[in-house]
Structure formats: structure tokens, C-alpha cells
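Asks: So here's work.txt, just compact mmCIF, C-alpha atoms and all ligand atoms:
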# COMPACT_ATOMS: atom_id res chain seq x y z
CA MET A 126 77.22 81.50 -9.25
CA GLY A 127 75.93 80.22 -12.50
CA LEU A 128 76.08 76.76 -13.92
CA THR A 129 79.40 75.83 -15.35
CA PRO A 130 79.69 73.00 -17.84
CA ALA A 131 81.58 70.95 -15.25
CA GLN A 132 78.81 71.01 -12.65
CA PRO A 133 76.71 68.00 -13.77
CA GLU A 134 79.90 65.97 -14.04
CA VAL A 135 80.86 66.89 -10.47
CA GLU A 136 77.41 66.07 -9.13
CA ARG A 137 77.59 62.60 -10.60
CA SER A 138 80.88 61.78 -8.95
CA ILE A 139 80.27 63.04 -5.41
CA LEU A 140 78.55 61.04 -2.71
CA LEU A 141 77.36 62.71 0.44
CA THR A 142 77.49 60.93 3.76
CA THR A 143 78.24 61.61 7.40
CA VAL A 144 81.59 61.12 9.03
CA ASP A 145 79.98 58.72 11.46
CA LYS A 146 78.60 56.47 8.73
CA MET A 147 81.88 56.61 6.89
CA LYS A 148 83.74 55.58 10.01
CA ARG A 149 81.41 52.66 10.66
CA TRP A 150 81.71 51.53 7.08
CA ALA A 151 85.49 51.57 7.31
CA GLN A 152 85.40 49.80 10.65
CA LYS A 153 83.14 47.00 9.54
CA SER A 154 85.16 46.41 6.39
CA SER A 155 88.41 45.84 8.21
CA ILE A 156 87.76 43.73 11.29
CA TRP A 157 91.08 42.17 12.10
CA PRO A 158 90.77 39.10 14.34
CA ALA A 159 93.30 38.13 16.96
CA THR A 160 94.51 34.56 16.63
CA PHE A 161 92.90 32.70 19.50
CA GLY A 162 92.35 29.08 18.62
CA LEU A 163 91.95 26.97 21.74
CA ALA A 164 90.70 23.58 20.51
CA CYS A 165 89.11 21.74 17.60
CA CYS A 166 87.01 24.78 16.61
CA ALA A 167 90.22 26.53 15.63
CA ILE A 168 90.54 24.18 12.65
CA GLU A 169 87.27 25.54 11.27
CA MET A 170 88.41 29.07 12.06
CA MET A 171 91.54 28.46 10.00
CA SER A 172 89.63 27.03 7.08
CA VAL A 173 87.42 30.10 6.94
CA THR A 174 90.40 32.06 5.64
CA ASN A 175 91.09 29.54 2.89
CA SER A 176 90.21 30.25 -0.69
CA ARG A 177 87.08 28.07 -0.50
CA TYR A 178 85.40 30.28 2.09
CA ASP A 179 87.58 33.34 1.63
CA LEU A 180 86.99 35.51 4.63
CA ALA A 181 89.03 38.17 2.81
CA ARG A 182 85.87 39.09 0.91
CA PHE A 183 84.67 40.68 4.14
CA GLY A 184 87.93 42.35 5.04
CA ALA A 185 88.49 40.15 8.09
CA GLU A 186 91.17 37.73 6.96
CA VAL A 187 94.16 39.45 8.57
CA PHE A 188 94.64 37.29 11.65
CA ARG A 189 96.99 39.13 13.96
CA ALA A 190 99.43 37.47 16.30
CA SER A 191 99.52 40.58 18.46
CA PRO A 192 96.34 41.63 20.31
CA ARG A 193 97.40 45.26 19.95
CA GLN A 194 96.68 45.10 16.22
CA ALA A 195 93.35 43.30 16.48
CA ASP A 196 89.72 44.45 16.73
CA LEU A 197 88.04 41.09 17.12
CA MET A 198 88.74 38.12 19.32
CA ILE A 199 87.34 34.85 17.99
CA VAL A 200 87.37 32.49 20.96
CA ALA A 201 87.50 29.20 19.11
CA GLY A 202 87.35 26.29 21.52
CA ARG A 203 87.09 25.45 25.18
CA VAL A 204 88.53 27.84 27.73
CA SER A 205 90.18 26.13 30.67
CA GLN A 206 90.44 27.61 34.15
CA LYS A 207 94.15 27.99 33.53
CA MET A 208 93.67 29.76 30.20
CA ALA A 209 91.01 32.19 31.44
CA PRO A 210 93.39 34.77 32.98
CA VAL A 211 95.52 34.66 29.82
CA LEU A 212 92.45 35.20 27.63
CA ARG A 213 91.33 38.13 29.78
CA THR A 214 94.78 39.73 29.60
CA ILE A 215 94.87 39.43 25.84
CA TRP A 216 91.38 40.91 25.58
CA GLU A 217 92.43 43.82 27.77
CA GLN A 218 95.46 44.42 25.57
CA MET A 219 93.30 44.89 22.47
CA PRO A 220 92.70 48.54 21.54
CA GLU A 221 89.13 49.85 21.67
CA PRO A 222 86.67 49.44 20.10
CA LYS A 223 86.86 45.65 20.27
CA TRP A 224 84.48 42.79 19.73
CA VAL A 225 84.35 39.16 20.79
CA ILE A 226 82.87 36.22 18.91
CA SER A 227 82.33 33.08 20.94
CA MET A 228 82.73 30.24 18.47
CA GLY A 229 81.22 26.83 19.19
CA ALA A 230 79.36 25.12 21.98
CA CYS A 231 82.38 24.99 24.27
CA ALA A 232 83.24 28.67 24.17
CA SER A 233 79.58 29.64 24.49
CA SER A 234 78.50 27.28 27.27
CA GLY A 235 81.19 24.77 28.10
CA GLY A 236 79.67 22.26 25.69
CA VAL A 237 79.93 18.67 26.79
CA PHE A 238 82.81 19.53 29.12
CA ASP A 239 80.82 20.10 32.28
CA ASN A 240 83.81 19.50 34.55
CA TYR A 241 86.23 21.14 36.92
CA ALA A 242 88.70 22.30 34.29
CA ILE A 243 86.56 24.16 31.75
CA ILE A 244 84.94 27.59 32.09
CA GLN A 245 81.21 27.20 31.40
CA GLY A 246 81.02 29.87 28.72
CA VAL A 247 83.63 32.47 27.87
CA ASP A 248 81.14 35.22 28.80
CA HIS A 249 82.17 34.54 32.38
CA VAL A 250 85.49 36.09 31.43
CA VAL A 251 84.97 38.59 28.59
CA PRO A 252 81.81 40.25 27.18
CA VAL A 253 80.66 38.45 24.04
CA ASP A 254 79.03 40.16 21.03
CA VAL A 255 78.13 37.21 18.82
CA TYR A 256 77.65 33.55 19.74
CA VAL A 257 78.15 31.05 16.92
CA PRO A 258 76.50 27.69 17.74
CA GLY A 259 77.73 24.31 16.58
CA CYS A 260 80.25 21.66 17.45
CA PRO A 261 82.20 22.72 15.54
CA PRO A 262 80.37 25.49 13.67
CA THR A 263 80.88 25.18 9.94
CA PRO A 264 83.04 27.86 8.34
CA GLU A 265 79.84 29.24 6.82
CA ALA A 266 78.44 29.63 10.32
CA LEU A 267 81.47 31.59 11.43
CA LEU A 268 81.21 33.71 8.28
CA PHE A 269 77.59 34.36 9.18
CA GLY A 270 78.65 35.36 12.67
CA ILE A 271 81.15 37.83 11.28
CA ILE A 272 78.52 39.25 8.91
CA LYS A 273 76.16 39.66 11.88
CA LEU A 274 78.91 41.54 13.67
CA GLN A 275 79.36 43.75 10.62
CA GLU A 276 75.65 44.50 10.66
CA LYS A 277 75.94 45.44 14.30
CA ILE A 278 78.79 47.81 13.55
CA THR A 279 76.98 49.33 10.56
CA LEU A 280 73.95 50.04 12.73
CA GLY A 281 76.19 51.84 15.18
CA LEU A 282 75.35 49.55 18.09
CA PRO A 283 77.94 49.60 20.86
CA PRO A 284 80.23 46.64 21.46
CA LYS A 285 79.03 44.42 24.29
CA TYR A 286 81.57 45.64 26.83
CA LEU A 287 80.32 49.22 26.39
CA GLU A 288 76.74 48.04 26.70
CA LEU A 289 77.66 46.54 30.04
CA ALA A 290 79.57 49.63 31.13
CA PRO A 291 78.20 51.70 34.05
CA GLU A 292 75.92 54.79 33.98
CA PRO A 293 75.85 57.02 30.88
CA GLY A 294 78.11 60.02 31.24
CA THR A 295 80.56 58.24 33.50
CA LYS A 296 83.92 56.99 32.35
CA GLY A 297 83.78 54.12 29.89
CA ALA A 298 80.05 54.45 29.20
CA TRP A 299 78.57 54.44 25.71
CA ARG A 300 77.66 58.05 24.66
CA MET B 192 103.47 -8.47 15.99
CA ASN B 193 104.21 -9.23 19.59
CA ARG B 194 107.85 -8.53 20.29
CA ASN B 195 107.57 -8.85 24.04
CA ASP B 196 110.01 -10.92 25.98
CA PRO B 197 107.99 -13.61 27.86
CA GLU B 198 111.05 -15.14 29.51
CA ILE B 199 111.51 -11.96 31.48
CA LEU B 200 108.87 -13.18 33.91
CA THR B 201 110.70 -16.38 34.82
CA ARG B 202 114.01 -14.54 35.09
CA LEU B 203 112.49 -11.95 37.38
CA GLU B 204 110.75 -14.61 39.44
CA THR B 205 114.01 -16.41 40.16
CA ARG B 206 115.78 -13.13 40.87
CA PHE B 207 113.10 -11.72 43.25
CA PRO B 208 111.27 -14.83 44.54
CA ALA B 209 109.88 -13.27 47.70
CA THR B 210 108.70 -9.84 46.60
CA LEU B 211 107.41 -10.25 43.09
CA ALA B 212 103.99 -11.43 41.86
CA ILE B 213 103.11 -12.12 38.26
CA VAL B 214 99.89 -10.57 37.02
CA GLU B 215 97.83 -12.36 34.37
CA THR B 216 97.39 -10.15 31.30
CA VAL B 217 96.56 -10.55 27.64
CA ASP B 218 98.96 -8.03 26.10
CA GLN B 219 102.32 -7.73 27.79
CA PRO B 220 104.30 -9.18 30.72
CA THR B 221 103.17 -7.60 33.96
CA VAL B 222 104.47 -7.88 37.48
CA ALA B 223 103.28 -6.49 40.78
CA VAL B 224 105.65 -5.58 43.54
CA ALA B 225 105.53 -3.98 46.97
CA LYS B 226 106.69 -0.39 46.97
CA GLU B 227 109.55 -1.17 49.38
CA SER B 228 111.33 -3.31 46.78
CA LEU B 229 110.31 -1.18 43.80
CA ILE B 230 113.58 0.67 43.35
CA ASP B 231 115.60 -2.57 43.62
CA LEU B 232 113.50 -4.05 40.83
CA PHE B 233 113.81 -0.89 38.74
CA ARG B 234 117.58 -0.82 39.06
CA HIS B 235 117.77 -4.46 38.07
CA LEU B 236 115.51 -3.87 35.06
CA ALA B 237 117.32 -0.75 33.89
CA ASP B 238 120.93 -1.82 34.49
CA LEU B 239 120.89 -5.57 33.85
CA GLU B 240 117.82 -6.30 31.74
CA GLY B 241 118.13 -3.29 29.45
CA TYR B 242 114.76 -1.67 30.07
CA THR B 243 116.28 1.77 29.69
CA MET B 244 113.10 3.71 28.97
CA CYS B 245 110.26 4.58 31.28
CA LEU B 246 107.43 5.39 28.92
CA ASP B 247 104.77 6.42 31.39
CA VAL B 248 103.69 6.37 35.00
CA CYS B 249 99.94 5.99 35.42
CA ALA B 250 97.92 6.05 38.59
CA VAL B 251 94.67 4.31 39.51
CA ASP B 252 92.40 5.23 42.39
CA TRP B 253 90.94 2.04 43.89
CA MET B 254 88.88 3.79 46.54
CA PRO B 255 87.59 2.45 48.95
CA THR B 256 90.17 -0.37 49.09
CA ASN B 257 93.37 0.01 51.02
CA PRO B 258 96.07 0.71 49.89
CA ARG B 259 94.12 3.18 47.82
CA PHE B 260 96.35 4.06 44.87
CA GLU B 261 98.04 1.88 42.32
CA LEU B 262 100.95 3.10 40.23
CA VAL B 263 101.50 1.49 36.84
CA TYR B 264 104.92 1.88 35.24
CA HIS B 265 105.34 1.19 31.55
CA LEU B 266 108.88 0.22 30.64
CA TYR B 267 110.50 -0.35 27.26
CA HIS B 268 113.51 -2.25 25.99
CA PRO B 269 114.71 -0.42 22.85
CA GLY B 270 116.95 -3.32 21.75
CA LYS B 271 114.33 -6.07 21.94
CA PHE B 272 111.36 -3.75 21.30
CA ALA B 273 109.87 -5.33 24.41
CA ARG B 274 107.50 -3.77 26.89
CA LEU B 275 106.98 -4.52 30.54
CA ARG B 276 104.43 -3.32 33.03
CA VAL B 277 105.12 -2.94 36.74
CA LYS B 278 102.37 -2.31 39.28
CA SER B 279 102.71 -1.16 42.83
CA ARG B 280 100.33 0.11 45.47
CA VAL B 281 100.55 2.98 47.93
CA GLU B 282 98.28 4.17 50.76
CA GLU B 283 96.54 7.52 50.68
CA ASP B 284 98.86 9.14 53.21
CA GLY B 285 101.97 7.19 52.21
CA THR B 286 104.78 8.15 49.87
CA MET B 287 106.08 6.36 46.83
CA PRO B 288 109.79 6.04 46.01
CA SER B 289 110.49 8.20 42.96
CA ALA B 290 111.54 6.42 39.77
CA THR B 291 113.50 9.51 38.71
CA ALA B 292 116.51 8.00 40.49
CA VAL B 293 116.55 5.29 37.79
CA TRP B 294 114.93 6.99 34.77
CA ALA B 295 115.09 10.79 34.61
CA GLY B 296 112.19 10.62 32.16
CA ALA B 297 109.79 9.65 34.94
CA ASN B 298 109.97 13.25 36.21
CA TRP B 299 106.97 14.78 34.45
CA ALA B 300 104.88 11.61 34.60
CA GLU B 301 105.25 11.55 38.39
CA ARG B 302 104.39 15.23 38.60
CA GLU B 303 101.22 14.44 36.68
CA ALA B 304 100.33 11.69 39.18
CA TYR B 305 101.01 14.15 41.98
CA ASP B 306 98.96 16.89 40.36
CA LEU B 307 95.87 14.84 39.60
CA PHE B 308 95.94 12.18 42.33
CA GLY B 309 97.99 13.77 45.10
CA ILE B 310 100.45 10.89 45.29
CA ARG B 311 103.70 12.04 46.88
CA PHE B 312 106.99 10.75 45.47
CA GLU B 313 109.94 10.64 47.78
CA GLY B 314 113.18 11.85 46.21
CA HIS B 315 111.53 13.62 43.29
CA PRO B 316 113.60 16.71 42.30
CA ASN B 317 110.66 19.04 41.70
CA LEU B 318 107.32 17.73 42.89
CA THR B 319 104.99 20.57 41.85
CA ARG B 320 101.77 20.76 39.87
CA ILE B 321 102.26 20.29 36.13
CA TYR B 322 98.81 20.86 34.55
CA LEU B 323 96.63 22.74 36.98
CA PRO B 324 97.29 26.27 38.22
CA ASP B 325 99.66 26.31 41.18
CA GLU B 326 97.04 27.57 43.63
CA TRP B 327 94.56 24.79 42.79
CA GLU B 328 93.02 22.96 45.74
CA GLY B 329 92.48 19.22 45.64
CA HIS B 330 93.37 16.51 43.15
CA PRO B 331 90.69 16.20 40.45
CA LEU B 332 91.17 12.61 39.29
CA ARG B 333 90.52 11.20 42.76
CA LYS B 334 87.24 9.33 42.93
CA ASP B 335 85.96 11.52 45.77
CA TYR B 336 86.65 14.81 43.96
CA PRO B 337 83.40 16.46 42.77
CA LEU B 338 83.07 16.31 38.98
CA THR B 339 82.60 20.04 38.56
CA GLY B 340 85.19 20.93 41.18
CA PRO B 341 84.64 23.91 43.46
CA ARG B 342 82.36 25.56 40.89
CA VAL B 343 78.78 26.39 41.90
CA ASP B 344 76.54 27.23 38.93
S1 LIG C 1 82.47 23.17 20.27
FE1 LIG C 1 83.05 21.11 19.54
S2 LIG C 1 84.56 21.55 17.92
FE2 LIG C 1 84.39 23.40 19.17
S3 LIG C 1 85.99 23.25 20.71
FE3 LIG C 1 84.12 22.38 21.58
S4 LIG C 1 84.27 20.18 21.16
FE4 LIG C 1 85.72 21.22 19.82
Hey, can you dump this file as C-alpha cells for me?
Replies:
Amino acid sequence: MGLTPAQPEVERSILLTTVDKMKRWAQKSSIWPATFGLACCAIEMMSVTNSRYDLARFGAEVFRASPRQADLMIVAGRVSQKMAPVLRTIWEQMPEPKWVISMGACASSGGVFDNYAIIQGVDHVVPVDVYVPGCPPTPEALLFGIIKLQEKITLGLPPKYLELAPEPGTKGAWR
Amino acid sequence: MNRNDPEILTRLETRFPATLAIVETVDQPTVAVAKESLIDLFRHLADLEGYTMCLDVCAVDWMPTNPRFELVYHLYHPGKFARLRVKSRVEEDGTMPSATAVWAGANWAEREAYDLFGIRFEGHPNLTRIYLPDEWEGHPLRKDYPLTGPRVD
């Protein structure tokens, strides 16, 4: 086939990529968080969607009330012993692949609440991908956490729960 | 502005001379009474004095003294905007008469005292845990409850 006059034009407007990369790009640009504010940290989580911080720039502003429509669970605040089974159920209801951000000192380690009522870190209950430190973390810090998660997705790294899954080749394992 | 009713103390003292003791406080009239005559006092306060609201029921653990627990009832007179505090003690294995017979609003406050201190209220319509999970063991606000509970880590 010879050159047609349209060929250079076509070459300029086509990008080549792999399906895998394309999928990851789409995934990282539309992380929908489940609403899971548990304490004071939730206030900062709410403000991150406001126009000042504008989480929508990263495609993650659509907070879902139903876990079945969410990819990301932002655990914002302290998790009590009574809330833990509820949190686990909601996490299990989220479709795969799913990610968890532990926001703040309390969700990550129990914070100052070293007592009988509070779970000492939400990673006792669900596998956590990104820990955001602070009490409370600033909205910028949460944004940074979400960007880190996007980097993780872009690189094609597995979500934490798949990393923890048993033997490769068996059910639920990564690859 | 202090809208409390200081004469309530003298009126109560003449009405219940044997059972009632006045407690010195800086903020509001306070009386202490034995738990046997608690309901009599409550009925008098609610029906005749007009203290128609029970704002809260608090508990204090005075371990190791005996009787161990002290219940503090906060009452309110909506007409006079006056508050009154009633204190009463109960042993660790004893039961307290339930104030729900006089003020239905004491229901949840007494469940809280039961949940966190293990104080049993006789005549309460539904004495179950209110905050903690139902299968929880122990009563966390007792002085001898370990701070971190049954957790080992
Ligand atoms: S980390 Fe600080 S701000 Fe966040 S839930 Fe705990 S106490 Fe509240």
C-alpha cells in the first residue's frame, strides 16, 4: 500500500498503548470513595471535596453512600470495637478491586485512644494500602495520600488485600 | 444568673427530717438520701415540687469504700428554671430502685449506668447494654477494670 495524503494526519492523531495501561489509567482517574467518616478526621475528608482543595481534579470526588459503587474506603477517624464488624462488612460489600486509605493517627494506630473501646489500627480489621499521618491530617495530606494511591495503581501494583492473599495460582491470589 | 430555688432545701428538710442530708455545694442545691427512701423523695419532688424532668443519672465508683457506687440524679424544674441534685449510694452487689417509675426519661441514663458500671436497677423496663456490644464482658468505667480491656497487644 502506498502513502495516501491522509496518512501523516492519521499518524499524528493516534496514540498506541496497551489495554492494561489504558485500564490502569482509567482506574486511577476515577477512584470513587465510600463515605466512611467516623470522627473528627471526617471533617477534613469533607473539606477535601470543597472548591478550595477540589478533589474532583483527581477524579475522586464522587463519595458514594453505597459500598457497592465504591472503589476506595477512606477510614476517617477512630474505629470502635462495636464499629469494627460494620466496617468489615462494608469493606466486603465493595466490588473488587478495592483500596483502603487509613486517615489519621486514630485509624492508623489508635492514636491517643489506647483504651478498651478503640481498635488499635484499622489494619487489624481490613488491609490498608495508604496510611495518612496526622491528627487530623490536613486536606492536602489526604490529597497526597490519594495521589500516592493513584501512583500505586498506575504502576500496576496489587491492592493490599491481594498482596496478602495466599499462594500464587490459588483462588484470590494476585496473578 | 442563678435561678435555683434555695428554699427547696428547708422545705425538703422539714418534709423528710429523718432520711435526708444536705450536701454543701457551690453551684446548686444538693441532697443525699438513702436508697430505701429514694423513690418517696422522687415522687414528692416530681408531683408536689414540680421537678418534672430528670436530666441525667450519673454514677461514681468510690472503690474501695462501701457502699461502692454513688448515683447522682440531676433534676430540673421547667417553671422555675431550677436545678436540684440528689445523691444516693448503693453496694456493689445491691440493686437500686429505678427512677423510671417517676420519670420515664431516666430509662436510657440508667441503662448507661448499668452498661458502664454494672449497677442494677430494680423495676427498669429494659435493663440491657446501651453503648457496648451485647456480648461485652465487664463494666469498663469501674475503677478495677483494666484500661485497655481484654486486649493483649
Ligand atoms: S486522628 Fe485526630 S482528628 Fe483524626 S479521628 Fe483521631 S483524634 Fe480525630
Asks: When you count all atoms listed in the file, which of these residues is closest to ligand LIG 1 (chain C): A:Ile278, A:Leu180, A:Ala230, A:Leu163?
Replies: A:Ala230
Asks: Specify as a PyMOL selection string all residues of chain A found within 7 Å of chain B, counting all atoms listed in the file.
Replies: chain A and resi 207+239-241
Asks: Throw together the list of residues within 12 Å of ligand LIG 1 (chain C), counting only C-alpha atoms and all ligand atoms, and drop it here as a CSV table (one decimal) with C-alpha atoms, keeping the file's coordinate frame.
Replies:
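Dumped to part.csv:
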chain,number,residue,atom,x,y,z
A,161,PHE,CA,92.9,32.7,19.5
A,162,GLY,CA,92.4,29.1,18.6
A,163,LEU,CA,92.0,27.0,21.7
A,164,ALA,CA,90.7,23.6,20.5
A,165,CYS,CA,89.1,21.7,17.6
A,166,CYS,CA,87.0,24.8,16.6
A,167,ALA,CA,90.2,26.5,15.6
A,168,ILE,CA,90.5,24.2,12.6
A,169,GLU,CA,87.3,25.5,11.3
A,170,MET,CA,88.4,29.1,12.1
A,199,ILE,CA,87.3,34.8,18.0
A,200,VAL,CA,87.4,32.5,21.0
A,201,ALA,CA,87.5,29.2,19.1
A,202,GLY,CA,87.4,26.3,21.5
A,203,ARG,CA,87.1,25.4,25.2
A,204,VAL,CA,88.5,27.8,27.7
A,205,SER,CA,90.2,26.1,30.7
A,227,SER,CA,82.3,33.1,20.9
A,228,MET,CA,82.7,30.2,18.5
A,229,GLY,CA,81.2,26.8,19.2
A,230,ALA,CA,79.4,25.1,22.0
A,231,CYS,CA,82.4,25.0,24.3
A,232,ALA,CA,83.2,28.7,24.2
A,233,SER,CA,79.6,29.6,24.5
A,234,SER,CA,78.5,27.3,27.3
A,235,GLY,CA,81.2,24.8,28.1
A,236,GLY,CA,79.7,22.3,25.7
A,237,VAL,CA,79.9,18.7,26.8
A,238,PHE,CA,82.8,19.5,29.1
A,239,ASP,CA,80.8,20.1,32.3
A,243,ILE,CA,86.6,24.2,31.8
A,244,ILE,CA,84.9,27.6,32.1
A,245,GLN,CA,81.2,27.2,31.4
A,246,GLY,CA,81.0,29.9,28.7
A,247,VAL,CA,83.6,32.5,27.9
A,256,TYR,CA,77.6,33.6,19.7
A,257,VAL,CA,78.2,31.0,16.9
A,258,PRO,CA,76.5,27.7,17.7
A,259,GLY,CA,77.7,24.3,16.6
A,260,CYS,CA,80.2,21.7,17.4
A,261,PRO,CA,82.2,22.7,15.5
A,262,PRO,CA,80.4,25.5,13.7
A,263,THR,CA,80.9,25.2,9.9
A,264,PRO,CA,83.0,27.9,8.3
A,267,LEU,CA,81.5,31.6,11.4
Asks: Taking all atoms listed in the file into account, name the residue in B:Thr216, B:Thr243, B:Asn317, B:Asn298 that is nearest to His268 of chain B.
Replies: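 Of all the options, B:Thr243 lies closest to His268 of chain B.
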Asks: Please provide the set of residues having any atom within 12 Å of Trp216 of chain A, restricted to all atoms listed in the file, with same-chain residues fewer than 5 positions apart removed, written as an mmCIF file with C-alpha atoms, keeping the file's coordinate frame.
Replies:
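Saved file selection-v5.cif follows:
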data_model
loop_
_atom_site.group_PDB
_atom_site.id
_atom_site.type_symbol
_atom_site.label_atom_id
_atom_site.label_comp_id
_atom_site.auth_asym_id
_atom_site.auth_seq_id
_atom_site.Cartn_x
_atom_site.Cartn_y
_atom_site.Cartn_z
ATOM 1 C CA PRO A 158 90.770 39.100 14.340
ATOM 2 C CA ALA A 159 93.300 38.130 16.960
ATOM 3 C CA THR A 160 94.510 34.560 16.630
ATOM 4 C CA PHE A 161 92.900 32.700 19.500
ATOM 5 C CA SER A 191 99.520 40.580 18.460
ATOM 6 C CA PRO A 192 96.340 41.630 20.310
ATOM 7 C CA ARG A 193 97.400 45.260 19.950
ATOM 8 C CA GLN A 194 96.680 45.100 16.220
ATOM 9 C CA ALA A 195 93.350 43.300 16.480
ATOM 10 C CA ASP A 196 89.720 44.450 16.730
ATOM 11 C CA LEU A 197 88.040 41.090 17.120
ATOM 12 C CA MET A 198 88.740 38.120 19.320
ATOM 13 C CA ILE A 199 87.340 34.850 17.990
ATOM 14 C CA VAL A 200 87.370 32.490 20.960
ATOM 15 C CA ALA A 209 91.010 32.190 31.440
ATOM 16 C CA PRO A 210 93.390 34.770 32.980
ATOM 17 C CA VAL A 211 95.520 34.660 29.820
ATOM 18 C CA GLU A 221 89.130 49.850 21.670
ATOM 19 C CA PRO A 222 86.670 49.440 20.100
ATOM 20 C CA LYS A 223 86.860 45.650 20.270
ATOM 21 C CA TRP A 224 84.480 42.790 19.730
ATOM 22 C CA VAL A 225 84.350 39.160 20.790
ATOM 23 C CA ILE A 226 82.870 36.220 18.910
ATOM 24 C CA VAL A 247 83.630 32.470 27.870
ATOM 25 C CA VAL A 250 85.490 36.090 31.430
ATOM 26 C CA VAL A 251 84.970 38.590 28.590
ATOM 27 C CA PRO A 252 81.810 40.250 27.180
ATOM 28 C CA VAL A 253 80.660 38.450 24.040
ATOM 29 C CA TYR A 286 81.570 45.640 26.830
#
Asks: Could you state the separation of atom CA of Tyr178 of chain A and atom CA of Lys146 of chain A in Å, given to one decimal place?
Replies: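 We find that atom CA of Tyr178 of chain A and atom CA of Lys146 of chain A lie 27.9 Å from each other.
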Asks: Rounded to one decimal, what separation in Å do you get between atom CA of Leu239 of chain B and atom CA of Arg280 of chain B?
Replies: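 Pair atom CA of Leu239 of chain B / atom CA of Arg280 of chain B returns 24.3 Å.
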Asks: I want to know what sits within 10 Å of Tyr267 of chain B, based on all atoms listed in the file, with residues of the same chain fewer than 6 positions away left out; could you give that as a list in words?
Replies: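 The contact residues come out as Asn195, Leu236, Ala237, Gly241, Tyr242, Thr243, Met244, Cys245, Leu246, Asp247, Ala273, Arg274, Leu275 and Arg276 of chain B.
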Asks: State, in Å with one decimal place, the distance from atom CA of Gly281 of chain A to atom CA of Phe188 of chain A.
Replies: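 Atom CA of Gly281 of chain A sits 23.8 Å away from atom CA of Phe188 of chain A.
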Asks: Name the residues in contact with Lys278 of chain B at a cut-off of 6 Å, using only C-alpha atoms, excluding same-chain residues fewer than 6 positions from it; report them as a list of chain:residue names.
Replies: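 Skipping anything fewer than 6 positions along the chain leaves B:Ala223, B:Leu262, B:Val263.
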Asks: What's the 9 Å shell around Glu301 of chain B, counting all atoms listed in the file, without same-chain residues fewer than 4 positions away, as a list in words?
Replies: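 Contacts, with the query itself left out: Asp247, Val248, Cys249, Ser289, Ala290, Thr291, Ala297, Tyr305, Asp306, Ile310, Arg311, Phe312, His315 and Leu318 of chain B.
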Asks: Pick out the closest residue to Glu198 of chain B from this set: B:Ser228, B:Glu240, B:Glu215, B:His265. Count all atoms listed in the file.
Replies: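 Closest candidate: B:Glu240.
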Asks: Which residue out of B:Ala225, B:Arg202, B:Ala209, B:Asp231 has the minimum interatomic distance to Pro258 of chain B when all atoms listed in the file are used?
Replies: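 For Pro258 of chain B, the nearest of the given residues is B:Ala225.
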Asks: Which one is closest to Leu229 of chain B: B:Val277, B:Ala295, B:Leu200, B:Met254? Count only C-alpha atoms.
Replies: B:Val277
Asks: Centre and edge lengths of an axis-aligned box around all listed atoms of segment 265-280 of chain B, with 8 Å added on each side, are to be given in Å to one decimal, as AutoDock Vina command-line options.
Replies:
--center_x 108.6 --center_y -2.4 --center_z 33.4 --size_x 32.6 --size_y 23.3 --size_z 40.2
Asks: With the input short on atoms, add N, CA, C and O atoms back to segment 261-273 of chain B and write it as an mmCIF file, in the coordinates of the input.
Replies:
data_model
loop_
_atom_site.group_PDB
_atom_site.id
_atom_site.type_symbol
_atom_site.label_atom_id
_atom_site.label_comp_id
_atom_site.auth_asym_id
_atom_site.auth_seq_id
_atom_site.Cartn_x
_atom_site.Cartn_y
_atom_site.Cartn_z
ATOM 1 N N GLU B 261 97.155 2.800 43.016
ATOM 2 C CA GLU B 261 98.040 1.880 42.320
ATOM 3 C C GLU B 261 98.806 2.651 41.251
ATOM 4 O O GLU B 261 98.200 3.377 40.462
ATOM 5 N N LEU B 262 100.118 2.488 41.264
ATOM 6 C CA LEU B 262 100.950 3.100 40.230
ATOM 7 C C LEU B 262 101.289 2.053 39.194
ATOM 8 O O LEU B 262 101.605 0.913 39.543
ATOM 9 N N VAL B 263 101.197 2.418 37.926
ATOM 10 C CA VAL B 263 101.500 1.490 36.840
ATOM 11 C C VAL B 263 102.632 2.085 36.011
ATOM 12 O O VAL B 263 102.475 3.154 35.423
ATOM 13 N N TYR B 264 103.756 1.395 35.985
ATOM 14 C CA TYR B 264 104.920 1.880 35.240
ATOM 15 C C TYR B 264 105.025 1.105 33.942
ATOM 16 O O TYR B 264 104.981 -0.128 33.934
ATOM 17 N N HIS B 265 105.178 1.824 32.851
ATOM 18 C CA HIS B 265 105.340 1.190 31.550
ATOM 19 C C HIS B 265 106.782 1.332 31.109
ATOM 20 O O HIS B 265 107.261 2.448 30.916
ATOM 21 N N LEU B 266 107.454 0.201 30.967
ATOM 22 C CA LEU B 266 108.880 0.220 30.640
ATOM 23 C C LEU B 266 109.111 -0.349 29.238
ATOM 24 O O LEU B 266 108.300 -1.122 28.729
ATOM 25 N N TYR B 267 110.247 0.021 28.654
ATOM 26 C CA TYR B 267 110.500 -0.350 27.260
ATOM 27 C C TYR B 267 111.970 -0.730 27.093
ATOM 28 O O TYR B 267 112.860 -0.085 27.650
ATOM 29 N N HIS B 268 112.162 -1.793 26.326
ATOM 30 C CA HIS B 268 113.510 -2.250 25.990
ATOM 31 C C HIS B 268 113.777 -1.892 24.528
ATOM 32 O O HIS B 268 113.241 -2.554 23.623
ATOM 33 N N PRO B 269 114.560 -0.871 24.247
ATOM 34 C CA PRO B 269 114.710 -0.420 22.850
ATOM 35 C C PRO B 269 115.423 -1.446 21.974
ATOM 36 O O PRO B 269 115.227 -1.452 20.760
ATOM 37 N N GLY B 270 116.238 -2.327 22.567
ATOM 38 C CA GLY B 270 116.950 -3.320 21.750
ATOM 39 C C GLY B 270 116.037 -4.447 21.320
ATOM 40 O O GLY B 270 116.043 -4.863 20.162
ATOM 41 N N LYS B 271 115.216 -4.938 22.250
ATOM 42 C CA LYS B 271 114.330 -6.070 21.940
ATOM 43 C C LYS B 271 112.938 -5.602 21.523
ATOM 44 O O LYS B 271 112.067 -6.437 21.257
ATOM 45 N N PHE B 272 112.692 -4.329 21.531
ATOM 46 C CA PHE B 272 111.360 -3.750 21.300
ATOM 47 C C PHE B 272 110.332 -4.363 22.246
ATOM 48 O O PHE B 272 109.207 -4.646 21.856
ATOM 49 N N ALA B 273 110.750 -4.624 23.459
ATOM 50 C CA ALA B 273 109.870 -5.330 24.410
ATOM 51 C C ALA B 273 109.359 -4.354 25.460
ATOM 52 O O ALA B 273 110.047 -3.422 25.854
#
